>>> print(open('structure09.pdb').read())   # PDB, C-alpha atoms
MODEL        1
ATOM      1  CA  MET J  19      22.080   3.311  -9.878  1.00  0.00           C
ATOM      2  CA  THR J  20      22.684   6.331  -7.624  1.00  0.00           C
ATOM      3  CA  GLU J  21      19.968   8.631  -6.398  1.00  0.00           C
ATOM      4  CA  GLU J  22      21.201  11.507  -8.566  1.00  0.00           C
ATOM      5  CA  ARG J  23      21.397   9.405 -11.717  1.00  0.00           C
ATOM      6  CA  SER J  24      18.020   7.793 -11.185  1.00  0.00           C
ATOM      7  CA  LEU J  25      16.253  11.124 -10.682  1.00  0.00           C
ATOM      8  CA  SER J  26      18.077  12.720 -13.598  1.00  0.00           C
ATOM      9  CA  ASP J  27      16.826   9.892 -15.783  1.00  0.00           C
ATOM     10  CA  LEU J  28      13.235  10.988 -15.202  1.00  0.00           C
ATOM     11  CA  ASP J  29      11.562  12.778 -18.078  1.00  0.00           C
ATOM     12  CA  ARG J  30      11.271  16.459 -17.105  1.00  0.00           C
ATOM     13  CA  GLU J  31       7.952  16.886 -18.901  1.00  0.00           C
ATOM     14  CA  LEU J  32       6.573  13.862 -17.086  1.00  0.00           C
ATOM     15  CA  ILE J  33       7.595  15.334 -13.732  1.00  0.00           C
ATOM     16  CA  ILE J  34       5.877  18.603 -14.610  1.00  0.00           C
ATOM     17  CA  SER J  35       2.795  16.666 -15.716  1.00  0.00           C
ATOM     18  CA  THR J  36       2.748  14.757 -12.411  1.00  0.00           C
ATOM     19  CA  ARG J  37       2.913  17.998 -10.414  1.00  0.00           C
ATOM     20  CA  GLU J  38       0.070  19.406 -12.496  1.00  0.00           C
ATOM     21  CA  HIS J  39      -2.043  16.283 -11.982  1.00  0.00           C
ATOM     22  CA  LEU J  40      -1.571  16.546  -8.213  1.00  0.00           C
ATOM     23  CA  ILE J  41      -2.506  20.248  -8.277  1.00  0.00           C
ATOM     24  CA  ARG J  42      -5.610  19.420 -10.316  1.00  0.00           C
ATOM     25  CA  LEU J  43      -6.573  16.672  -7.885  1.00  0.00           C
ATOM     26  CA  SER J  44      -6.097  19.035  -4.934  1.00  0.00           C
ATOM     27  CA  LYS J  45      -9.044  21.059  -6.253  1.00  0.00           C
ATOM     28  CA  GLN J  46     -11.330  18.053  -5.883  1.00  0.00           C
ATOM     29  CA  SER J  47     -13.051  17.055  -2.674  1.00  0.00           C
ATOM     30  CA  PRO J  48     -11.026  14.589  -0.565  1.00  0.00           C
ATOM     31  CA  SER J  49     -11.924  11.012  -1.391  1.00  0.00           C
ATOM     32  CA  PHE J  50     -10.566   7.490  -1.592  1.00  0.00           C
ATOM     33  CA  GLU J  51     -10.584   7.663  -5.403  1.00  0.00           C
ATOM     34  CA  ARG J  52      -8.665  10.935  -5.434  1.00  0.00           C
ATOM     35  CA  ASN J  53      -5.939   9.620  -3.139  1.00  0.00           C
ATOM     36  CA  ILE J  54      -5.532   6.446  -5.177  1.00  0.00           C
ATOM     37  CA  GLU J  55      -5.307   8.439  -8.398  1.00  0.00           C
ATOM     38  CA  ALA J  56      -2.614  10.658  -6.861  1.00  0.00           C
ATOM     39  CA  ILE J  57      -0.525   7.601  -5.988  1.00  0.00           C
ATOM     40  CA  GLY J  58      -1.149   6.304  -9.496  1.00  0.00           C
ATOM     41  CA  HIS J  59       0.342   9.417 -11.099  1.00  0.00           C
ATOM     42  CA  ILE J  60       3.382   9.176  -8.820  1.00  0.00           C
ATOM     43  CA  THR J  61       3.782   5.506  -9.725  1.00  0.00           C
ATOM     44  CA  PHE J  62       3.418   6.244 -13.436  1.00  0.00           C
ATOM     45  CA  CYS J  63       6.138   8.877 -13.359  1.00  0.00           C
ATOM     46  CA  LEU J  64       8.597   6.583 -11.569  1.00  0.00           C
ATOM     47  CA  ARG J  65       8.042   3.544 -13.747  1.00  0.00           C
ATOM     48  CA  GLY J  66      10.773   4.523 -16.202  1.00  0.00           C
ATOM     49  CA  ILE J  67      13.544   4.224 -13.604  1.00  0.00           C
ATOM     50  CA  GLY J  68      12.317   1.005 -12.062  1.00  0.00           C
ATOM     51  CA  ILE J  69      10.972   2.407  -8.788  1.00  0.00           C
ATOM     52  CA  ARG J  70       7.668   0.746  -7.877  1.00  0.00           C
ATOM     53  CA  PRO J  71       5.903   1.973  -4.728  1.00  0.00           C
ATOM     54  CA  VAL J  72       3.546  -0.617  -3.225  1.00  0.00           C
ATOM     55  CA  VAL J  73       0.533   0.452  -1.179  1.00  0.00           C
ATOM     56  CA  VAL J  74       0.180  -1.396   2.133  1.00  0.00           C
ATOM     57  CA  GLY J  75      -1.655  -0.762   5.403  1.00  0.00           C
ATOM     58  CA  GLY J  76      -4.932   1.103   5.696  1.00  0.00           C
ATOM     59  CA  LEU J  77      -5.176   2.301   2.101  1.00  0.00           C
ATOM     60  CA  ALA J  78      -4.673  -1.273   0.871  1.00  0.00           C
ATOM     61  CA  VAL J  79      -7.588  -2.299   3.094  1.00  0.00           C
ATOM     62  CA  GLU J  80      -9.613   0.541   1.619  1.00  0.00           C
ATOM     63  CA  VAL J  81      -8.790  -0.652  -1.911  1.00  0.00           C
ATOM     64  CA  TYR J  82      -9.857  -4.244  -1.241  1.00  0.00           C
ATOM     65  CA  THR J  83     -12.991  -3.232   0.660  1.00  0.00           C
ATOM     66  CA  PHE J  84     -13.947  -0.612  -1.933  1.00  0.00           C
ATOM     67  CA  GLY J  85     -13.727   2.276   0.496  1.00  0.00           C
ATOM     68  CA  THR J  86     -15.744   0.805   3.353  1.00  0.00           C
ATOM     69  CA  HIS J  87     -12.778   1.071   5.755  1.00  0.00           C
ATOM     70  CA  PRO J  88     -11.502   4.617   5.111  1.00  0.00           C
ATOM     71  CA  THR J  89      -8.078   5.856   6.132  1.00  0.00           C
ATOM     72  CA  VAL J  90      -6.475   9.295   6.153  1.00  0.00           C
ATOM     73  CA  ASP J  91      -2.936   8.424   5.145  1.00  0.00           C
ATOM     74  CA  VAL J  92      -1.013   6.314   2.657  1.00  0.00           C
ATOM     75  CA  ASP J  93       1.507   3.674   3.732  1.00  0.00           C
ATOM     76  CA  ILE J  94       4.087   2.839   1.076  1.00  0.00           C
ATOM     77  CA  VAL J  95       6.816   0.237   0.755  1.00  0.00           C
ATOM     78  CA  VAL J  96       9.402   1.191  -1.846  1.00  0.00           C
ATOM     79  CA  ASP J  97      12.945   0.234  -2.693  1.00  0.00           C
ATOM     80  CA  GLU J  98      15.311   3.099  -3.571  1.00  0.00           C
ATOM     81  CA  MET J  99      13.778   4.976  -0.647  1.00  0.00           C
ATOM     82  CA  MET J 100      16.038   8.034  -0.830  1.00  0.00           C
ATOM     83  CA  SER J 101      15.269   8.523  -4.517  1.00  0.00           C
ATOM     84  CA  PHE J 102      11.562   8.202  -3.749  1.00  0.00           C
ATOM     85  CA  LEU J 103      11.752  10.793  -0.962  1.00  0.00           C
ATOM     86  CA  SER J 104      13.580  13.219  -3.231  1.00  0.00           C
ATOM     87  CA  PHE J 105      10.933  12.664  -5.884  1.00  0.00           C
ATOM     88  CA  LEU J 106       8.118  13.407  -3.432  1.00  0.00           C
ATOM     89  CA  GLU J 107       9.713  16.763  -2.704  1.00  0.00           C
ATOM     90  CA  ILE J 108      10.032  17.527  -6.415  1.00  0.00           C
ATOM     91  CA  VAL J 109       6.306  16.962  -7.004  1.00  0.00           C
ATOM     92  CA  GLY J 110       5.151  19.063  -4.057  1.00  0.00           C
ATOM     93  CA  PHE J 111       5.315  16.991  -0.872  1.00  0.00           C
ATOM     94  CA  GLU J 112       7.007  18.266   2.270  1.00  0.00           C
ATOM     95  CA  PRO J 113       8.727  16.247   4.989  1.00  0.00           C
ATOM     96  CA  LYS J 114       7.032  16.470   8.376  1.00  0.00           C
ATOM     97  CA  LYS J 115      10.491  16.080   9.840  1.00  0.00           C
ATOM     98  CA  ILE J 116      13.810  16.571   8.062  1.00  0.00           C
ATOM     99  CA  GLY J 117      15.160  13.196   7.036  1.00  0.00           C
ATOM    100  CA  GLY J 118      11.981  11.462   8.167  1.00  0.00           C
ATOM    101  CA  LYS J 119       9.672   9.017   6.451  1.00  0.00           C
ATOM    102  CA  HIS J 120       6.477  11.029   6.936  1.00  0.00           C
ATOM    103  CA  TRP J 121       5.587  13.375   4.059  1.00  0.00           C
ATOM    104  CA  TYR J 122       2.631  15.629   3.392  1.00  0.00           C
ATOM    105  CA  HIS J 123       1.044  17.339   0.391  1.00  0.00           C
ATOM    106  CA  ARG J 124      -0.730  20.487   1.584  1.00  0.00           C
ATOM    107  CA  GLY J 125      -2.952  20.895  -1.459  1.00  0.00           C
ATOM    108  CA  LEU J 126      -4.179  17.315  -1.299  1.00  0.00           C
ATOM    109  CA  ASP J 127      -4.138  17.200   2.516  1.00  0.00           C
ATOM    110  CA  LEU J 128      -2.483  13.832   1.920  1.00  0.00           C
ATOM    111  CA  PRO J 129       0.072  12.288   4.288  1.00  0.00           C
ATOM    112  CA  ILE J 130       2.393   9.556   3.030  1.00  0.00           C
ATOM    113  CA  GLU J 131       4.481   7.324   5.260  1.00  0.00           C
ATOM    114  CA  ILE J 132       7.267   5.200   3.809  1.00  0.00           C
ATOM    115  CA  VAL J 133       7.106   2.198   6.116  1.00  0.00           C
ATOM    116  CA  GLY J 134      10.043   0.318   4.642  1.00  0.00           C
ATOM    117  CA  GLU J 135      12.031  -0.749   1.614  1.00  0.00           C
ATOM    118  CA  LYS J 136      11.203  -4.446   1.799  1.00  0.00           C
ATOM    119  CA  LEU J 137       7.664  -5.713   1.369  1.00  0.00           C
ATOM    120  CA  HIS J 138       6.475  -7.984   4.182  1.00  0.00           C
ATOM    121  CA  GLY J 139       5.076 -10.470   1.719  1.00  0.00           C
ATOM    122  CA  SER J 140       5.408 -11.706  -1.838  1.00  0.00           C
ATOM    123  CA  LEU J 141       6.138  -9.357  -4.734  1.00  0.00           C
ATOM    124  CA  GLU J 142       4.518 -11.959  -6.978  1.00  0.00           C
ATOM    125  CA  LYS J 143       1.242 -11.520  -5.079  1.00  0.00           C
ATOM    126  CA  VAL J 144       1.183  -7.733  -5.551  1.00  0.00           C
ATOM    127  CA  ASN J 145      -1.917  -6.645  -7.482  1.00  0.00           C
ATOM    128  CA  GLN J 146      -2.363  -3.826  -9.958  1.00  0.00           C
ATOM    129  CA  VAL J 147      -5.302  -1.473  -9.564  1.00  0.00           C
ATOM    130  CA  ILE J 148      -6.112   0.809 -12.489  1.00  0.00           C
ATOM    131  CA  VAL J 149      -7.582   4.227 -11.678  1.00  0.00           C
ATOM    132  CA  GLU J 150      -8.139   6.862 -14.371  1.00  0.00           C
ATOM    133  CA  ASN J 151      -5.731   5.018 -16.694  1.00  0.00           C
ATOM    134  CA  VAL J 152      -2.896   4.918 -14.148  1.00  0.00           C
ATOM    135  CA  VAL J 153      -1.730   1.872 -12.210  1.00  0.00           C
ATOM    136  CA  VAL J 154      -1.335   1.515  -8.440  1.00  0.00           C
ATOM    137  CA  PHE J 155       0.483  -1.487  -6.988  1.00  0.00           C
ATOM    138  CA  VAL J 156      -1.172  -2.945  -3.875  1.00  0.00           C
ATOM    139  CA  ILE J 157       0.058  -5.621  -1.480  1.00  0.00           C
ATOM    140  CA  GLY J 158      -1.469  -9.036  -2.192  1.00  0.00           C
ATOM    141  CA  ILE J 159      -4.700  -9.891  -0.431  1.00  0.00           C
ATOM    142  CA  GLU J 160      -3.152 -12.891   1.353  1.00  0.00           C
ATOM    143  CA  ASP J 161      -0.326 -10.801   2.777  1.00  0.00           C
ATOM    144  CA  LEU J 162      -2.780  -8.080   3.787  1.00  0.00           C
ATOM    145  CA  ILE J 163      -4.854 -10.607   5.733  1.00  0.00           C
ATOM    146  CA  LEU J 164      -1.727 -11.713   7.600  1.00  0.00           C
ATOM    147  CA  GLU J 165      -0.770  -8.072   8.198  1.00  0.00           C
ATOM    148  CA  ARG J 166      -4.145  -7.412   9.818  1.00  0.00           C
ATOM    149  CA  LEU J 167      -3.833 -10.546  11.930  1.00  0.00           C
ATOM    150  CA  ARG J 168      -0.431  -9.365  13.180  1.00  0.00           C
ATOM    151  CA  TYR J 169      -1.873  -5.992  14.111  1.00  0.00           C
ATOM    152  CA  GLY J 170      -4.842  -7.660  15.740  1.00  0.00           C
ATOM    153  CA  VAL J 171      -2.636  -9.916  17.846  1.00  0.00           C
ATOM    154  CA  TYR J 172       0.161  -7.509  18.791  1.00  0.00           C
ATOM    155  CA  TRP J 173      -1.966  -4.384  19.243  1.00  0.00           C
ATOM    156  CA  LYS J 174      -4.933  -6.308  20.642  1.00  0.00           C
ATOM    157  CA  SER J 175      -6.988  -4.638  17.915  1.00  0.00           C
ATOM    158  CA  VAL J 176     -10.483  -6.048  17.515  1.00  0.00           C
ATOM    159  CA  LEU J 177     -10.960  -3.896  14.400  1.00  0.00           C
ATOM    160  CA  ASP J 178      -7.945  -5.395  12.640  1.00  0.00           C
ATOM    161  CA  MET J 179      -9.121  -8.919  13.445  1.00  0.00           C
ATOM    162  CA  GLU J 180     -12.514  -8.014  11.998  1.00  0.00           C
ATOM    163  CA  ILE J 181     -10.886  -6.577   8.876  1.00  0.00           C
ATOM    164  CA  ALA J 182      -8.873  -9.775   8.385  1.00  0.00           C
ATOM    165  CA  GLU J 183     -12.127 -11.741   8.561  1.00  0.00           C
ATOM    166  CA  THR J 184     -13.899  -9.330   6.212  1.00  0.00           C
ATOM    167  CA  LEU J 185     -11.123  -9.728   3.631  1.00  0.00           C
ATOM    168  CA  LEU J 186     -11.146 -13.499   3.944  1.00  0.00           C
ATOM    169  CA  VAL J 187     -14.911 -13.674   3.435  1.00  0.00           C
ATOM    170  CA  ALA J 188     -14.878 -11.265   0.491  1.00  0.00           C
ATOM    171  CA  TYR J 189     -12.063 -13.071  -1.342  1.00  0.00           C
ATOM    172  CA  LYS J 190     -12.612 -16.602  -0.050  1.00  0.00           C
ATOM    173  CA  ASP J 191     -12.829 -18.174  -3.504  1.00  0.00           C
ATOM    174  CA  LYS J 192      -9.675 -16.422  -4.758  1.00  0.00           C
ATOM    175  CA  LEU J 193      -7.312 -16.939  -1.835  1.00  0.00           C
ATOM    176  CA  ASP J 194      -4.164 -19.034  -2.059  1.00  0.00           C
ATOM    177  CA  ILE J 195      -4.739 -21.006   1.146  1.00  0.00           C
ATOM    178  CA  GLU J 196      -1.546 -23.023   0.774  1.00  0.00           C
ATOM    179  CA  TYR J 197       0.446 -19.785   0.586  1.00  0.00           C
ATOM    180  CA  LEU J 198      -1.349 -18.422   3.658  1.00  0.00           C
ATOM    181  CA  ASP J 199      -0.612 -21.595   5.589  1.00  0.00           C
ATOM    182  CA  LEU J 200       3.088 -21.467   4.726  1.00  0.00           C
ATOM    183  CA  GLN J 201       3.408 -17.775   5.540  1.00  0.00           C
ATOM    184  CA  ALA J 202       1.548 -18.125   8.835  1.00  0.00           C
ATOM    185  CA  ILE J 203       3.783 -21.001   9.928  1.00  0.00           C
ATOM    186  CA  SER J 204       6.856 -18.814   9.394  1.00  0.00           C
ATOM    187  CA  GLN J 205       5.542 -16.294  11.939  1.00  0.00           C
ATOM    188  CA  LYS J 206       5.062 -16.388  15.681  1.00  0.00           C
ATOM    189  CA  LYS J 207       2.815 -18.920  17.381  1.00  0.00           C
ATOM    190  CA  ARG J 208       0.047 -16.432  18.158  1.00  0.00           C
ATOM    191  CA  ILE J 209      -0.206 -15.471  14.471  1.00  0.00           C
ATOM    192  CA  VAL J 210      -0.399 -19.141  13.487  1.00  0.00           C
ATOM    193  CA  GLN J 211      -3.163 -19.665  16.031  1.00  0.00           C
ATOM    194  CA  ALA J 212      -5.088 -16.579  14.857  1.00  0.00           C
ATOM    195  CA  TRP J 213      -4.903 -17.747  11.245  1.00  0.00           C
ATOM    196  CA  GLU J 214      -5.930 -21.308  12.073  1.00  0.00           C
ATOM    197  CA  GLU J 215      -8.927 -20.100  14.060  1.00  0.00           C
ATOM    198  CA  LEU J 216     -10.001 -17.802  11.245  1.00  0.00           C
ATOM    199  CA  LYS J 217      -9.464 -20.461   8.584  1.00  0.00           C
ATOM    200  CA  ASP J 218     -11.403 -23.088  10.523  1.00  0.00           C
ATOM    201  CA  ARG J 219     -14.499 -20.897  10.526  1.00  0.00           C
ATOM    202  CA  TYR J 220     -14.652 -20.808   6.731  1.00  0.00           C
ATOM    203  CA  PHE J 221     -12.619 -23.703   5.328  1.00  0.00           C
ATOM    204  CA  MET J 222     -13.513 -26.654   7.540  1.00  0.00           C
ATOM    205  CA  ASP J 223     -15.020 -28.392   4.496  1.00  0.00           C
ATOM    206  CA  LYS J 224     -11.697 -28.223   2.683  1.00  0.00           C
ATOM    207  CA  LYS J 225      -9.678 -30.103   5.282  1.00  0.00           C
TER     208      LYS J 225
ENDMDL
END
>>> encode(input="structure09.pdb", output="structure tokens")
Amino acid sequence: MTEERSLSDLDRELIISTREHLIRLSKQSPSFERNIEAIGHITFCLRGIGIRPVVVGGLAVEVYTFGTHPTVDVDIVVDEMMSFLSFLEIVGFEPKKIGGKHWYHRGLDLPIEIVGEKLHGSLEKVNQVIVENVVVFVIGIEDLILERLRYGVYWKSVLDMEIAETLLVAYKDKLDIEYLDLQAISQKKRIVQAWEELKDRYFMDKK
């Protein structure tokens, strides 16, 4: 499916409705809930042509920690990137740089960065979050923990290591430990070590 065909397949009334929802949201005070709802309306509009943006990064952390680790921007992984960028422009976003992956909605004061087309993790682990009757797709909790560990190791970020631990503690009883083990092993030695050290603090009784 080409970019032109995929965008032309969108329902015009739905596009107009999405723009109107974003304008309405821009009149509300900035908040985690408002940003998530905005992404939900974008996701809803694109569902008909098979484009599914997945929230990763800081906003995913904010989702799983119920807003206790706030962020100012939205990181998205999406296939059909060029179609997605064209759609953002249609509904009122502007590129910070022509041809770039950083976009901004002035009314919402909301920056979006498209960080890639391929999710660093499992599509099967992606979770659906429902906000005001619209769905947002969010990277799986296991893959988010590993993402934070990577940032903690490579950027020497104490905060990201703490976030990884916070997520593990909060979702300890729901985590797929076998999946985490397998994914950690496929990464560099320092990530494996960071995961093993974190796991040992909370899962020693399961060895």
>>> resolve_selection(input="structure09.pdb", expression="the PyMOL selection byres ((chain J and resi 155) around 6)", output="JSON list (two decimals) with C-alpha atoms, in the coordinates of the input")
[["chain", "number", "residue", "atom", "x", "y", "z"],
["J", 72, "VAL", "CA", 3.55, -0.62, -3.22],
["J", 145, "ASN", "CA", -1.92, -6.64, -7.48],
["J", 146, "GLN", "CA", -2.36, -3.83, -9.96],
["J", 154, "VAL", "CA", -1.34, 1.52, -8.44],
["J", 156, "VAL", "CA", -1.17, -2.94, -3.88]]
>>> atom_distance(input="structure09.pdb", atom1="atom CA of Val92 of chain J", atom2="atom CA of Leu141 of chain J")
18.7 Å
>>> atom_distance(input="structure09.pdb", atom1="atom CA of Glu51 of chain J", atom2="atom CA of Pro129 of chain J")
15.1 Å
>>> closest_residue(input="structure09.pdb", among="J:Glu214, J:Asp93, J:Glu80, J:Glu150", to="Leu200 of chain J", atoms="all atoms listed in the file")
J:Glu214
>>> atom_distance(input="structure09.pdb", atom1="atom CA of Gly110 of chain J", atom2="atom CA of Gly66 of chain J")
19.8 Å
>>> closest_residue(input="structure09.pdb", among="J:Ile69, J:Ala212, J:Val171, J:Ile159", to="Leu193 of chain J", atoms="all atoms listed in the file")
J:Ile159
>>> closest_residue(input="structure09.pdb", among="J:Asp127, J:Tyr122, J:Gly58, J:Leu32", to="Gln46 of chain J", atoms="only C-alpha atoms")
J:Asp127
>>> build_atoms(input="structure09.pdb", residues="segment 139-157 of chain J", atoms="N, CA and C atoms", output="PDB file, in the frame of the given file")
ATOM      1  N   GLY J 139       5.949  -9.617   2.508  1.00  0.00           N
ATOM      2  CA  GLY J 139       5.076 -10.470   1.719  1.00  0.00           C
ATOM      3  C   GLY J 139       5.701 -10.764   0.377  1.00  0.00           C
ATOM      4  N   SER J 140       4.916 -11.286  -0.529  1.00  0.00           N
ATOM      5  CA  SER J 140       5.408 -11.706  -1.838  1.00  0.00           C
ATOM      6  C   SER J 140       5.199 -10.629  -2.897  1.00  0.00           C
ATOM      7  N   LEU J 141       6.267 -10.296  -3.615  1.00  0.00           N
ATOM      8  CA  LEU J 141       6.138  -9.357  -4.734  1.00  0.00           C
ATOM      9  C   LEU J 141       5.288  -9.963  -5.847  1.00  0.00           C
ATOM     10  N   GLU J 142       5.309 -11.287  -5.948  1.00  0.00           N
ATOM     11  CA  GLU J 142       4.518 -11.959  -6.978  1.00  0.00           C
ATOM     12  C   GLU J 142       3.016 -11.859  -6.703  1.00  0.00           C
ATOM     13  N   LYS J 143       2.655 -11.624  -5.448  1.00  0.00           N
ATOM     14  CA  LYS J 143       1.242 -11.520  -5.079  1.00  0.00           C
ATOM     15  C   LYS J 143       0.704 -10.091  -5.208  1.00  0.00           C
ATOM     16  N   VAL J 144       1.607  -9.128  -5.436  1.00  0.00           N
ATOM     17  CA  VAL J 144       1.183  -7.733  -5.551  1.00  0.00           C
ATOM     18  C   VAL J 144       0.192  -7.590  -6.705  1.00  0.00           C
ATOM     19  N   ASN J 145      -0.891  -6.862  -6.462  1.00  0.00           N
ATOM     20  CA  ASN J 145      -1.917  -6.645  -7.482  1.00  0.00           C
ATOM     21  C   ASN J 145      -1.840  -5.237  -8.065  1.00  0.00           C
ATOM     22  N   GLN J 146      -2.307  -5.119  -9.291  1.00  0.00           N
ATOM     23  CA  GLN J 146      -2.363  -3.826  -9.958  1.00  0.00           C
ATOM     24  C   GLN J 146      -3.802  -3.332  -9.988  1.00  0.00           C
ATOM     25  N   VAL J 147      -3.986  -2.111  -9.533  1.00  0.00           N
ATOM     26  CA  VAL J 147      -5.302  -1.473  -9.564  1.00  0.00           C
ATOM     27  C   VAL J 147      -5.220  -0.299 -10.533  1.00  0.00           C
ATOM     28  N   ILE J 148      -6.128  -0.259 -11.487  1.00  0.00           N
ATOM     29  CA  ILE J 148      -6.112   0.809 -12.489  1.00  0.00           C
ATOM     30  C   ILE J 148      -7.159   1.858 -12.123  1.00  0.00           C
ATOM     31  N   VAL J 149      -6.702   3.103 -12.006  1.00  0.00           N
ATOM     32  CA  VAL J 149      -7.582   4.227 -11.678  1.00  0.00           C
ATOM     33  C   VAL J 149      -7.287   5.357 -12.657  1.00  0.00           C
ATOM     34  N   GLU J 150      -8.308   5.776 -13.412  1.00  0.00           N
ATOM     35  CA  GLU J 150      -8.139   6.862 -14.371  1.00  0.00           C
ATOM     36  C   GLU J 150      -6.911   6.638 -15.266  1.00  0.00           C
ATOM     37  N   ASN J 151      -6.790   5.399 -15.749  1.00  0.00           N
ATOM     38  CA  ASN J 151      -5.731   5.018 -16.694  1.00  0.00           C
ATOM     39  C   ASN J 151      -4.323   5.024 -16.106  1.00  0.00           C
ATOM     40  N   VAL J 152      -4.207   5.076 -14.783  1.00  0.00           N
ATOM     41  CA  VAL J 152      -2.896   4.918 -14.148  1.00  0.00           C
ATOM     42  C   VAL J 152      -2.952   3.736 -13.195  1.00  0.00           C
ATOM     43  N   VAL J 153      -1.801   3.101 -12.991  1.00  0.00           N
ATOM     44  CA  VAL J 153      -1.730   1.872 -12.210  1.00  0.00           C
ATOM     45  C   VAL J 153      -1.201   2.137 -10.804  1.00  0.00           C
ATOM     46  N   VAL J 154      -1.820   1.505  -9.817  1.00  0.00           N
ATOM     47  CA  VAL J 154      -1.335   1.515  -8.440  1.00  0.00           C
ATOM     48  C   VAL J 154      -1.041   0.068  -8.049  1.00  0.00           C
ATOM     49  N   PHE J 155       0.121  -0.158  -7.455  1.00  0.00           N
ATOM     50  CA  PHE J 155       0.483  -1.487  -6.988  1.00  0.00           C
ATOM     51  C   PHE J 155       0.076  -1.640  -5.520  1.00  0.00           C
ATOM     52  N   VAL J 156      -0.618  -2.732  -5.214  1.00  0.00           N
ATOM     53  CA  VAL J 156      -1.172  -2.945  -3.875  1.00  0.00           C
ATOM     54  C   VAL J 156      -0.740  -4.318  -3.359  1.00  0.00           C
ATOM     55  N   ILE J 157      -0.343  -4.364  -2.100  1.00  0.00           N
ATOM     56  CA  ILE J 157       0.058  -5.621  -1.480  1.00  0.00           C
ATOM     57  C   ILE J 157      -0.989  -6.697  -1.740  1.00  0.00           C
TER      58      ILE J 157
END
